[in-house]
Amino acid sequence: MQKSYTNQQLYHIAEDNYQLLSEYCTDLVEEGYFSKVENILRLSAKEVLDLYIQSLLVQFLVFGKRLNADEIYFTAGLTKQDMLGLKKAWAEKDLTEVVKKSAKFLETPPILLQLFCLRDQEKSKGVAGLFFDSLLNIMICSAYLNQVRDEKISKFIGLYFDKISIFLQNRQNEARTVDGKYIFKKLCFGNLSEGCGLLREAGDDFASYKQKYFYYTQEVSASAAAETETETEYLTAKEEKQSFLPEVLADAAEDAVLSMKEKKAEEEVERLVKELNAMIGLQEVKEEIRSLINLIKVKRLRERYKLPQMNMSYHMVFTGSPGTGKTTVARLVAKIYRELGILSKGTLTETDRSGLVAGYVGQTALKVKEVVERALGGVLFIDEAYALAPENASNDFGAEAIDTLVKMMEDHRDDFVVIAAGYTEEMQRFLKANTGLYSRFNKFITFSDYTDEELLLILDSMAAEAGFCLTEGARKKIDKMLGEMSAVEKETFGNARGIRNLFERLVSNQANRIIGYESQSIKDITVITEEDVAG
């Protein structure tokens, strides 16, 4: 029956085995076996050990597609020295170079095992097998984190065993210090405390399981003739597995890097959504963007499973008054589209009628093409887009701009998104100006005007960001001023844009007030009072 360990127990077991490996390396150094190697590599035995363990575990994780937090922390924290720079790479969410470096190092001969093999022959010891057993224990500890049991664990260990087992022989070369039955038993029963030796208690069941768990494993035969025959078979298989292993690791590394990129993109999307959610108000907008993200994610899942797909347009219409956050949200949408793989750059290019329409026949189309080409890979944000379709202007060049824009949207539909913004009613006129617009703009998001309370919160936020604060008297006076505005005045005020203008006036008024003081305290230069609010 397979044993079960908690993560904490696995950490302790791995640390104990690492300590044993470190002690074995100390013996190599003290007895002079490592001196020549150290002069060549310019690395100490402990540094080579740490590099070997980290490389082995990273490739182990890559093979099993398990590059997640627990396994990375286990690998980075186990060794005394972070020879691969694993901690920094994980913090930066890019393990590409770490994976490449670890794969390259494992392609070189296992120096420490070679030295232990030489030492064993000269001193009639069996440390090479013990060294391997501690490495095996550490790999199993890593593999069993969070109670995971995976066939890839056995497959990787089988490939690794085939590659290095030539070093795991006793001094007479008559039998292996470690054989496949021992590994099989350890994997099946999860016993991480046994010492390494010629354990053959796995029984007859091993023969039927070895093809399932290993590509090939060496069995120790009772007769010398059978031993020789099996050895020939082993060496042939070993050459095949050694040539196959880098290919397997390369494929797995590519999958792992892709998985890391997907995880990094997912984290970035969540960060951008948090940034959106941190904006004051805009509850309906936030819900619409979250719904859009979920729709895109499900679409990608359906693509992965080769299920039928619905045609989906990513172009959008933002409707609402000026100063309601349309440009800010458009910039976030561009970045989210990049992380979701819709756009390659995720940039935002802002324009309006003046940026698209020229004063002469034929020049408008060229102007639109230049703007679109500059925006490729990102979002083209057209503010007050309804101005391209003015009322009662049949000869206006805006129609040419719209026609050209529709064609460019079709030509570059795989890496180009348009967000058209403006007042709700006027945007309907814009969409009716060309029959192709309605089919491309099927996502409408309404930006409601901010309430007086939300405008005050925006003001507080602007003040805090600039290192100011408002007294309660100042806030009450501004609240009263907002409440007394007529509908026409509110429209002219411009929501958050008006609040920014108001904040700049407050700062200017405060400066005029305190500049005449004999001296100014920190409080004087950071507090905006009721006196600074113009009547």
# chains A, B, ... in the order shown; residues from 1 in each chain; ligands from 1
call {"tool": "closest_atom_pairs", "arguments": {"of": "region 462-497 of chain A", "to": "region 502-526 of chain A", "cutoff": "10 Å", "atoms": "only C-alpha atoms", "output": "CSV"}}
result
residue,atom,partner,partner_atom,distance
A:Met462,CA,A:Phe503,CA,7.7
A:Ala463,CA,A:Phe503,CA,7.5
A:Ala464,CA,A:Thr526,CA,9.6
A:Ala466,CA,A:Thr526,CA,9.2
A:Gly467,CA,A:Thr526,CA,6.4
A:Phe468,CA,A:Thr526,CA,4.6
A:Cys469,CA,A:Thr526,CA,6.3
A:Leu470,CA,A:Thr526,CA,8.7
A:Ala474,CA,A:Leu506,CA,9.8
A:Ile478,CA,A:Leu502,CA,9.5
A:Phe493,CA,A:Leu502,CA,9.5
A:Ala496,CA,A:Leu502,CA,9.6
A:Arg497,CA,A:Leu502,CA,8.7
call {"tool": "write_last_selection", "arguments": {"atoms": "all heavy atoms", "output": "compact mmCIF listing (two decimals), in the first residue's frame"}}
result
# COMPACT_ATOMS: atom_id res chain seq x y z
N MET A 462 -8.20 61.98 -6.64
CA MET A 462 -7.24 62.85 -7.32
C MET A 462 -6.37 63.61 -6.32
O MET A 462 -5.16 63.74 -6.50
CB MET A 462 -8.00 63.85 -8.20
CG MET A 462 -8.63 63.28 -9.44
SD MET A 462 -9.50 64.57 -10.38
CE MET A 462 -10.13 63.61 -11.76
N ALA A 463 -7.02 64.10 -5.26
CA ALA A 463 -6.29 64.86 -4.25
C ALA A 463 -5.26 63.98 -3.54
O ALA A 463 -4.09 64.38 -3.37
CB ALA A 463 -7.27 65.44 -3.24
N ALA A 464 -5.66 62.77 -3.15
CA ALA A 464 -4.74 61.86 -2.46
C ALA A 464 -3.56 61.49 -3.34
O ALA A 464 -2.42 61.43 -2.88
CB ALA A 464 -5.50 60.61 -2.03
N ALA A 466 -2.22 63.27 -5.60
CA ALA A 466 -1.33 64.42 -5.74
C ALA A 466 -0.77 64.90 -4.41
O ALA A 466 -0.02 65.88 -4.37
CB ALA A 466 -2.10 65.56 -6.41
N GLY A 467 -1.11 64.22 -3.29
CA GLY A 467 -0.58 64.60 -1.99
C GLY A 467 -1.34 65.70 -1.30
O GLY A 467 -0.76 66.48 -0.54
N PHE A 468 -2.65 65.78 -1.56
CA PHE A 468 -3.52 66.77 -0.92
C PHE A 468 -4.65 66.06 -0.19
O PHE A 468 -4.93 64.88 -0.44
CB PHE A 468 -4.13 67.73 -1.96
CG PHE A 468 -3.15 68.66 -2.61
CD1 PHE A 468 -2.47 68.29 -3.77
CD2 PHE A 468 -2.90 69.92 -2.08
CE1 PHE A 468 -1.58 69.13 -4.39
CE2 PHE A 468 -2.00 70.78 -2.70
CZ PHE A 468 -1.33 70.39 -3.85
N CYS A 469 -5.33 66.80 0.65
CA CYS A 469 -6.57 66.31 1.24
C CYS A 469 -7.52 67.48 1.43
O CYS A 469 -7.08 68.64 1.55
CB CYS A 469 -6.31 65.59 2.57
SG CYS A 469 -5.68 66.66 3.88
N LEU A 470 -8.80 67.22 1.45
CA LEU A 470 -9.83 68.24 1.59
C LEU A 470 -10.40 68.22 3.00
O LEU A 470 -10.65 67.13 3.55
CB LEU A 470 -10.97 68.03 0.58
CG LEU A 470 -10.74 68.51 -0.86
CD1 LEU A 470 -9.73 67.63 -1.57
CD2 LEU A 470 -12.06 68.53 -1.63
N ALA A 474 -14.68 71.92 3.05
CA ALA A 474 -14.47 72.05 1.61
C ALA A 474 -15.33 71.03 0.85
O ALA A 474 -15.94 71.36 -0.17
CB ALA A 474 -13.00 71.86 1.28
N ILE A 478 -18.38 71.81 -1.89
CA ILE A 478 -18.36 71.27 -3.26
C ILE A 478 -19.60 70.41 -3.51
O ILE A 478 -20.20 70.48 -4.60
CB ILE A 478 -17.07 70.46 -3.49
CG1 ILE A 478 -15.85 71.37 -3.42
CG2 ILE A 478 -17.11 69.74 -4.84
CD1 ILE A 478 -14.52 70.65 -3.37
N PHE A 493 -20.40 70.55 -17.38
CA PHE A 493 -19.37 70.29 -16.38
C PHE A 493 -18.46 69.16 -16.80
O PHE A 493 -17.24 69.23 -16.65
CB PHE A 493 -20.05 69.99 -15.03
CG PHE A 493 -19.08 69.78 -13.91
CD1 PHE A 493 -18.42 70.85 -13.35
CD2 PHE A 493 -18.84 68.51 -13.39
CE1 PHE A 493 -17.51 70.68 -12.30
CE2 PHE A 493 -17.95 68.31 -12.35
CZ PHE A 493 -17.29 69.41 -11.80
N ALA A 496 -16.06 63.42 -14.69
CA ALA A 496 -14.72 63.36 -14.09
C ALA A 496 -13.79 64.41 -14.70
O ALA A 496 -12.88 64.91 -14.02
CB ALA A 496 -14.13 61.96 -14.28
N ARG A 497 -14.03 64.75 -15.96
CA ARG A 497 -13.21 65.79 -16.60
C ARG A 497 -13.42 67.13 -15.89
O ARG A 497 -12.47 67.89 -15.66
CB ARG A 497 -13.59 65.89 -18.07
CG ARG A 497 -12.60 66.63 -18.93
CD ARG A 497 -12.98 66.49 -20.40
NE ARG A 497 -12.99 65.08 -20.80
CZ ARG A 497 -13.48 64.66 -21.96
NH1 ARG A 497 -14.03 65.52 -22.81
NH2 ARG A 497 -13.47 63.38 -22.27
call {"tool": "closest_residue", "arguments": {"among": "A:Arg302, A:Arg440, A:Arg353, A:Arg413", "to": "Val371 (chain A)", "atoms": "only C-alpha atoms"}}
result
A:Arg353
call {"tool": "residues_around", "arguments": {"residues": "Arg271 (chain A)", "least_positions_apart": "5", "cutoff": "12 Å", "atoms": "only C-alpha atoms", "output": "VMD selection string"}}
result
chain A and resid 264 to 266 276 to 278 332 335 to 336 339
call {"tool": "residues_around", "arguments": {"residues": "Gly422 (chain A)", "least_positions_apart": "4", "cutoff": "7 Å", "atoms": "only C-alpha atoms", "output": "PyMOL selection string"}}
result
chain A and resi 318-320+383-386+427
call {"tool": "write_last_selection", "arguments": {"atoms": "N, CA and C atoms", "output": "compact mmCIF listing (two decimals), in the first residue's frame"}}
result
# COMPACT_ATOMS: atom_id res chain seq x y z
N PHE A 318 -18.90 52.52 -27.28
CA PHE A 318 -19.04 53.07 -25.93
C PHE A 318 -19.94 54.30 -26.03
N THR A 319 -21.05 54.28 -25.34
CA THR A 319 -21.95 55.43 -25.37
C THR A 319 -22.02 56.08 -23.99
N GLY A 320 -22.11 57.41 -24.00
CA GLY A 320 -22.19 58.14 -22.74
C GLY A 320 -21.63 59.53 -22.88
N ASP A 383 -13.11 58.91 -30.81
CA ASP A 383 -13.97 59.71 -29.92
C ASP A 383 -14.92 60.56 -30.76
N GLU A 384 -16.14 60.72 -30.26
CA GLU A 384 -17.18 61.46 -30.97
C GLU A 384 -17.30 60.97 -32.41
N ALA A 385 -17.38 59.65 -32.55
CA ALA A 385 -17.40 59.03 -33.87
C ALA A 385 -18.59 59.48 -34.72
N TYR A 386 -19.67 59.92 -34.07
CA TYR A 386 -20.86 60.36 -34.80
C TYR A 386 -20.56 61.58 -35.68
N MET A 427 -24.75 58.23 -31.78
CA MET A 427 -24.03 57.03 -32.24
C MET A 427 -24.92 56.15 -33.12
call {"tool": "residues_around", "arguments": {"residues": "Asp415 (chain A)", "least_positions_apart": "3", "cutoff": "8 Å", "atoms": "only C-alpha atoms", "output": "ChimeraX atom specification"}}
result
/A:342-344,376-378,412
call {"tool": "select_by_dssp", "arguments": {"residues": "region 267-308 of chain A", "states": "helix (DSSP H, G or I)", "output": "tab-separated table (two decimals) with N, CA, C and O atoms, in the first residue's frame"}}
result
chain	number	residue	atom	x	y	z
A	267	GLU	N	-2.91	35.89	-15.12
A	267	GLU	CA	-2.64	36.76	-13.98
A	267	GLU	C	-2.71	38.23	-14.37
A	267	GLU	O	-3.20	39.07	-13.62
A	268	GLU	N	-2.22	38.54	-15.58
A	268	GLU	CA	-2.24	39.92	-16.04
A	268	GLU	C	-3.68	40.39	-16.30
A	268	GLU	O	-4.03	41.53	-16.01
A	269	VAL	N	-4.51	39.49	-16.86
A	269	VAL	CA	-5.92	39.83	-17.07
A	269	VAL	C	-6.58	40.14	-15.74
A	269	VAL	O	-7.32	41.13	-15.61
A	270	GLU	N	-6.32	39.30	-14.73
A	270	GLU	CA	-6.92	39.54	-13.42
A	270	GLU	C	-6.43	40.86	-12.82
A	270	GLU	O	-7.19	41.58	-12.17
A	271	ARG	N	-5.15	41.19	-13.06
A	271	ARG	CA	-4.63	42.46	-12.55
A	271	ARG	C	-5.34	43.64	-13.23
A	271	ARG	O	-5.71	44.63	-12.57
A	272	LEU	N	-5.55	43.53	-14.54
A	272	LEU	CA	-6.23	44.59	-15.29
A	272	LEU	C	-7.69	44.72	-14.85
A	272	LEU	O	-8.22	45.83	-14.77
A	273	VAL	N	-8.33	43.57	-14.57
A	273	VAL	CA	-9.72	43.61	-14.10
A	273	VAL	C	-9.78	44.29	-12.73
A	273	VAL	O	-10.71	45.06	-12.44
A	274	LYS	N	-8.80	44.01	-11.87
A	274	LYS	CA	-8.75	44.68	-10.56
A	274	LYS	C	-8.59	46.18	-10.73
A	274	LYS	O	-9.18	46.98	-9.99
A	275	GLU	N	-7.78	46.57	-11.71
A	275	GLU	CA	-7.59	47.99	-12.00
A	275	GLU	C	-8.91	48.62	-12.45
A	275	GLU	O	-9.25	49.74	-12.05
A	276	LEU	N	-9.64	47.89	-13.28
A	276	LEU	CA	-10.96	48.37	-13.72
A	276	LEU	C	-11.91	48.47	-12.53
A	276	LEU	O	-12.62	49.47	-12.37
A	277	ASN	N	-11.94	47.44	-11.70
A	277	ASN	CA	-12.85	47.42	-10.55
A	277	ASN	C	-12.52	48.53	-9.55
A	277	ASN	O	-13.39	48.95	-8.78
A	283	GLN	N	-20.47	50.55	-12.59
A	283	GLN	CA	-20.78	49.17	-12.24
A	283	GLN	C	-21.23	48.37	-13.46
A	283	GLN	O	-20.80	47.23	-13.67
A	284	GLU	N	-22.11	48.94	-14.27
A	284	GLU	CA	-22.60	48.24	-15.46
A	284	GLU	C	-21.46	47.96	-16.44
A	284	GLU	O	-21.41	46.90	-17.07
A	285	VAL	N	-20.55	48.93	-16.57
A	285	VAL	CA	-19.41	48.76	-17.47
A	285	VAL	C	-18.53	47.60	-17.01
A	285	VAL	O	-18.11	46.76	-17.80
A	286	LYS	N	-18.26	47.54	-15.72
A	286	LYS	CA	-17.43	46.47	-15.16
A	286	LYS	C	-18.05	45.10	-15.40
A	286	LYS	O	-17.35	44.14	-15.75
A	287	GLU	N	-19.36	45.01	-15.24
A	287	GLU	CA	-20.04	43.74	-15.46
A	287	GLU	C	-19.98	43.33	-16.93
A	287	GLU	O	-19.79	42.15	-17.26
A	288	GLU	N	-20.12	44.32	-17.83
A	288	GLU	CA	-20.07	44.03	-19.26
A	288	GLU	C	-18.68	43.54	-19.68
A	288	GLU	O	-18.55	42.60	-20.47
A	289	ILE	N	-17.64	44.17	-19.16
A	289	ILE	CA	-16.27	43.78	-19.52
A	289	ILE	C	-15.96	42.39	-18.97
A	289	ILE	O	-15.35	41.56	-19.66
A	290	ARG	N	-16.37	42.11	-17.74
A	290	ARG	CA	-16.16	40.78	-17.17
A	290	ARG	C	-16.89	39.72	-17.99
A	290	ARG	O	-16.35	38.65	-18.27
A	291	SER	N	-18.11	40.01	-18.41
A	291	SER	CA	-18.88	39.08	-19.24
A	291	SER	C	-18.18	38.84	-20.58
A	291	SER	O	-18.12	37.71	-21.07
A	292	LEU	N	-17.63	39.92	-21.15
A	292	LEU	CA	-16.91	39.79	-22.42
A	292	LEU	C	-15.67	38.91	-22.26
A	292	LEU	O	-15.39	38.05	-23.10
A	293	ILE	N	-14.93	39.10	-21.17
A	293	ILE	CA	-13.74	38.29	-20.90
A	293	ILE	C	-14.11	36.81	-20.78
A	293	ILE	O	-13.45	35.94	-21.36
A	294	ASN	N	-15.18	36.53	-20.04
A	294	ASN	CA	-15.63	35.15	-19.87
A	294	ASN	C	-16.03	34.54	-21.21
A	294	ASN	O	-15.73	33.36	-21.48
A	295	LEU	N	-16.68	35.32	-22.04
A	295	LEU	CA	-17.10	34.83	-23.36
A	295	LEU	C	-15.89	34.46	-24.21
A	295	LEU	O	-15.87	33.41	-24.88
A	296	ILE	N	-14.86	35.30	-24.18
A	296	ILE	CA	-13.65	35.04	-24.96
A	296	ILE	C	-12.93	33.79	-24.43
A	296	ILE	O	-12.44	32.96	-25.21
A	297	LYS	N	-12.87	33.64	-23.10
A	297	LYS	CA	-12.22	32.47	-22.52
A	297	LYS	C	-12.92	31.17	-22.92
A	297	LYS	O	-12.27	30.17	-23.25
A	298	VAL	N	-14.24	31.18	-22.88
A	298	VAL	CA	-14.99	29.98	-23.27
A	298	VAL	C	-14.81	29.69	-24.75
A	298	VAL	O	-14.69	28.54	-25.17
A	299	LYS	N	-14.75	30.76	-25.56
A	299	LYS	CA	-14.51	30.58	-27.00
A	299	LYS	C	-13.18	29.88	-27.23
A	299	LYS	O	-13.06	28.98	-28.07
A	300	ARG	N	-12.15	30.29	-26.47
A	300	ARG	CA	-10.84	29.66	-26.61
A	300	ARG	C	-10.87	28.20	-26.15
A	300	ARG	O	-10.19	27.34	-26.73
A	301	LEU	N	-11.63	27.91	-25.11
A	301	LEU	CA	-11.77	26.52	-24.66
A	301	LEU	C	-12.43	25.68	-25.74
A	301	LEU	O	-12.03	24.54	-26.00
A	302	ARG	N	-13.44	26.22	-26.38
A	302	ARG	CA	-14.13	25.49	-27.45
A	302	ARG	C	-13.17	25.25	-28.63
A	302	ARG	O	-13.21	24.19	-29.26
A	303	GLU	N	-12.33	26.23	-28.91
A	303	GLU	CA	-11.33	26.05	-29.97
A	303	GLU	C	-10.38	24.91	-29.62
A	303	GLU	O	-10.01	24.11	-30.48
A	304	ARG	N	-9.98	24.86	-28.33
A	304	ARG	CA	-9.05	23.82	-27.88
A	304	ARG	C	-9.64	22.42	-28.06
A	304	ARG	O	-8.94	21.48	-28.39
call {"tool": "atom_distance", "arguments": {"atom1": "CA of Phe447 (chain A)", "atom2": "CA of Leu282 (chain A)"}}
result
6.6 Å
call {"tool": "residues_around", "arguments": {"residues": "Leu28 (chain A)", "least_positions_apart": "5", "cutoff": "8 Å", "atoms": "only C-alpha atoms", "output": "list in words"}}
result
Tyr33, Phe34, Leu115 and Phe116 of chain A
call {"tool": "write_last_selection", "arguments": {"atoms": "N, CA, C and O atoms", "output": "compact mmCIF listing (two decimals), in the first residue's frame"}}
result
# COMPACT_ATOMS: atom_id res chain seq x y z
N TYR A 33 39.06 13.76 -4.66
CA TYR A 33 38.47 13.31 -5.93
C TYR A 33 37.91 14.47 -6.77
O TYR A 33 37.70 14.31 -7.98
N PHE A 34 37.67 15.62 -6.14
CA PHE A 34 37.01 16.70 -6.88
C PHE A 34 37.97 17.81 -7.31
O PHE A 34 37.59 18.71 -8.04
N LEU A 115 32.39 10.43 -10.34
CA LEU A 115 33.42 10.46 -9.30
C LEU A 115 33.11 9.47 -8.18
O LEU A 115 34.02 8.81 -7.65
N PHE A 116 31.83 9.35 -7.81
CA PHE A 116 31.47 8.37 -6.78
C PHE A 116 31.71 6.95 -7.28
O PHE A 116 32.12 6.08 -6.51
call {"tool": "residues_around", "arguments": {"residues": "Phe105 (chain A)", "least_positions_apart": "4", "cutoff": "10 Å", "atoms": "only C-alpha atoms", "output": "short mmCIF file (atom, residue, chain, number, x, y, z; two decimals) with all heavy atoms, in the first residue's frame"}}
result
data_model
loop_
_atom_site.label_atom_id
_atom_site.label_comp_id
_atom_site.auth_asym_id
_atom_site.auth_seq_id
_atom_site.Cartn_x
_atom_site.Cartn_y
_atom_site.Cartn_z
N LEU A 51 23.45 22.77 -8.61
CA LEU A 51 23.09 22.94 -10.02
C LEU A 51 22.46 21.67 -10.57
O LEU A 51 21.48 21.72 -11.33
CB LEU A 51 24.34 23.33 -10.82
CG LEU A 51 24.15 23.58 -12.32
CD1 LEU A 51 23.09 24.65 -12.57
CD2 LEU A 51 25.48 23.99 -12.96
N TYR A 52 23.03 20.53 -10.16
CA TYR A 52 22.51 19.24 -10.64
C TYR A 52 21.10 18.99 -10.11
O TYR A 52 20.20 18.60 -10.85
CB TYR A 52 23.46 18.11 -10.22
CG TYR A 52 23.14 16.79 -10.87
CD1 TYR A 52 23.48 16.55 -12.20
CD2 TYR A 52 22.49 15.78 -10.17
CE1 TYR A 52 23.20 15.34 -12.81
CE2 TYR A 52 22.20 14.57 -10.77
CZ TYR A 52 22.55 14.35 -12.09
OH TYR A 52 22.25 13.16 -12.69
N SER A 55 18.59 21.45 -11.72
CA SER A 55 18.37 21.10 -13.14
C SER A 55 17.50 19.86 -13.26
O SER A 55 16.58 19.80 -14.09
CB SER A 55 19.71 20.87 -13.84
OG SER A 55 20.49 22.05 -13.85
N LEU A 56 17.79 18.87 -12.43
CA LEU A 56 17.03 17.62 -12.46
C LEU A 56 15.56 17.87 -12.10
O LEU A 56 14.64 17.39 -12.78
CB LEU A 56 17.65 16.61 -11.49
CG LEU A 56 17.06 15.19 -11.49
CD1 LEU A 56 17.23 14.54 -12.85
CD2 LEU A 56 17.73 14.35 -10.40
N LYS A 100 15.88 26.13 -20.31
CA LYS A 100 16.91 25.85 -21.31
C LYS A 100 18.24 25.49 -20.63
O LYS A 100 18.92 24.55 -21.02
CB LYS A 100 17.11 27.06 -22.22
CG LYS A 100 15.96 27.30 -23.19
CD LYS A 100 16.25 28.53 -24.05
CE LYS A 100 15.10 28.79 -25.02
NZ LYS A 100 15.35 30.01 -25.82
N LYS A 101 18.61 26.26 -19.61
CA LYS A 101 19.88 26.05 -18.91
C LYS A 101 19.89 24.70 -18.20
O LYS A 101 20.90 23.97 -18.23
CB LYS A 101 20.10 27.18 -17.91
CG LYS A 101 21.46 27.15 -17.23
CD LYS A 101 21.65 28.35 -16.32
CE LYS A 101 22.99 28.31 -15.59
NZ LYS A 101 23.16 29.48 -14.70
N PRO A 109 27.67 14.76 -18.95
CA PRO A 109 27.79 13.58 -18.08
C PRO A 109 27.58 13.95 -16.61
O PRO A 109 27.96 15.04 -16.19
CB PRO A 109 29.23 13.11 -18.33
CG PRO A 109 29.60 13.66 -19.66
CD PRO A 109 28.87 14.98 -19.77
N PRO A 110 27.00 13.04 -15.83
CA PRO A 110 26.78 13.32 -14.40
C PRO A 110 28.10 13.22 -13.64
O PRO A 110 28.50 12.15 -13.19
CB PRO A 110 25.80 12.23 -13.98
CG PRO A 110 26.03 11.11 -14.94
CD PRO A 110 26.45 11.74 -16.23
#
call {"tool": "closest_residue", "arguments": {"among": "A:Ile153, A:Leu145, A:Ala421, A:Leu84", "to": "Lys326 (chain A)", "atoms": "only C-alpha atoms"}}
result
A:Ala421
call {"tool": "atom_distance", "arguments": {"atom1": "CA of Ser439 (chain A)", "atom2": "CA of Met409 (chain A)"}}
result
11.5 Å
